[in-house]
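For reference, the structure is listed below as C-alpha cells.
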Amino acid sequence: MSQEGPGDLDRVFKALGNETRRRILRFLAQRAHYPYELSTMLGLTPRGVFKHLESLQKAGLVEREHGESDLGPDRVYYRLNVRFGLSTTILPDSFVVRLTRHGRTGRIVIPQGFVIPEARPDVAAVRRLLRELGKVNRRLSDLDEERMRFASLRGKIIRQIEIIMDEAQWDEESCQKVRTLLDPVRQQMDESIEEEAWTSTAQEALQLFERMFSSQAQQLKKKKSSQEKEEEFVVDLEK
C-alpha cells in the first residue's frame with residue numbers, strides 16, 4: 001500500500017467511521033504512541049486498542065515501528081504513515097469524494113499571512129496561539145464554502161455531459177466509461193502532476209465521444225442510404 005495515500009477508500013471510510021479510531025488518529029497526529037499508552041489515554045483495555053489499531057493499519061493509515069524504552073525491552077509504537085487530504089461534498093446536484101495526496105518527504109509550506117507562534121508558558125503566548133488558531137479556522141471555513149460552490153458547479157457541468165449522452169442515446173456501458181473517467185477521486189503528489197493527469201483524462205474522454213459520434217454518424221449514413229435505396233426501388237416498381 002502506498003505510503004502517501006490509502007489504497008482502499010472503503011476501508012478508510014470504515015476506519016474513520018468509529019469515534020475511538022478517530023481519537024486514536026488525533027493522538028497519533030501529535031506523536032507516535034505505544035498501545036498501552038493509548039489504552040490509558042482512552043480508558044480502554046489494551047486488547048480493545050489493539051483491535052482499533054489493526055483496523056487503522058489495514059486501512060493503511062498507521063504503521064508499526066520499534067522504539068527504545070527506558071523501562072525494559074523495546075516497545076512497538078504506532079504512528080501515522082500517510083499524508084493526504086480527503087474531502088466529501090454532498091449536494092442535491094453533486095456528490096464528490098476527493099483525495100489529495102502529498103509526498104511523504106515533501107514539506108507542506110505554511111500559507112502566507114499565517115505563522116506558528118512560539119510555545120511559551122505564559123498567557124501572552126497562549127493568546128497568540130489562540131488568535132492564530134482562530135484565523136486558521138476562519139480560513140478553513142471559507143475554503144469549505146468555496147469547495148461547496150465549485151462542487152455544485154462541477155455537478156452542473158457533469159449534468160450537461162449526461163444530457164449529451166442521453167440525447168445521443170448512448171448505451172449504458174459507454175456512459176459508464178465516461179463516468180468512470182470523470183470520477184473526481186484523485187491520488188496525486190502535487191498540482192503539476194494532477195494537471196497532467198487531468199489533461200490525459202480529458203483527452204481519453206474526448207476520444208470516447210469522438211468514436212461514439214463517428215459511429216453514430218456512420219449508422220445514420222447507412223440508414224439514410226438504405227432508405228434512399230428503398231425509395232428508388234418503390235419508384236421502379238411504380239414505373
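Residue numbering restarts at 1 for every chain of the C-alpha cells, chains are lettered A, B, ... in their displayed order, and ligands are numbered from 1 as they appear.
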Spatial neighbours of stretch 109-116 of chain A, 9 Å, only C-alpha atoms, chain gap at least 4 places, as a count of residues only: 4
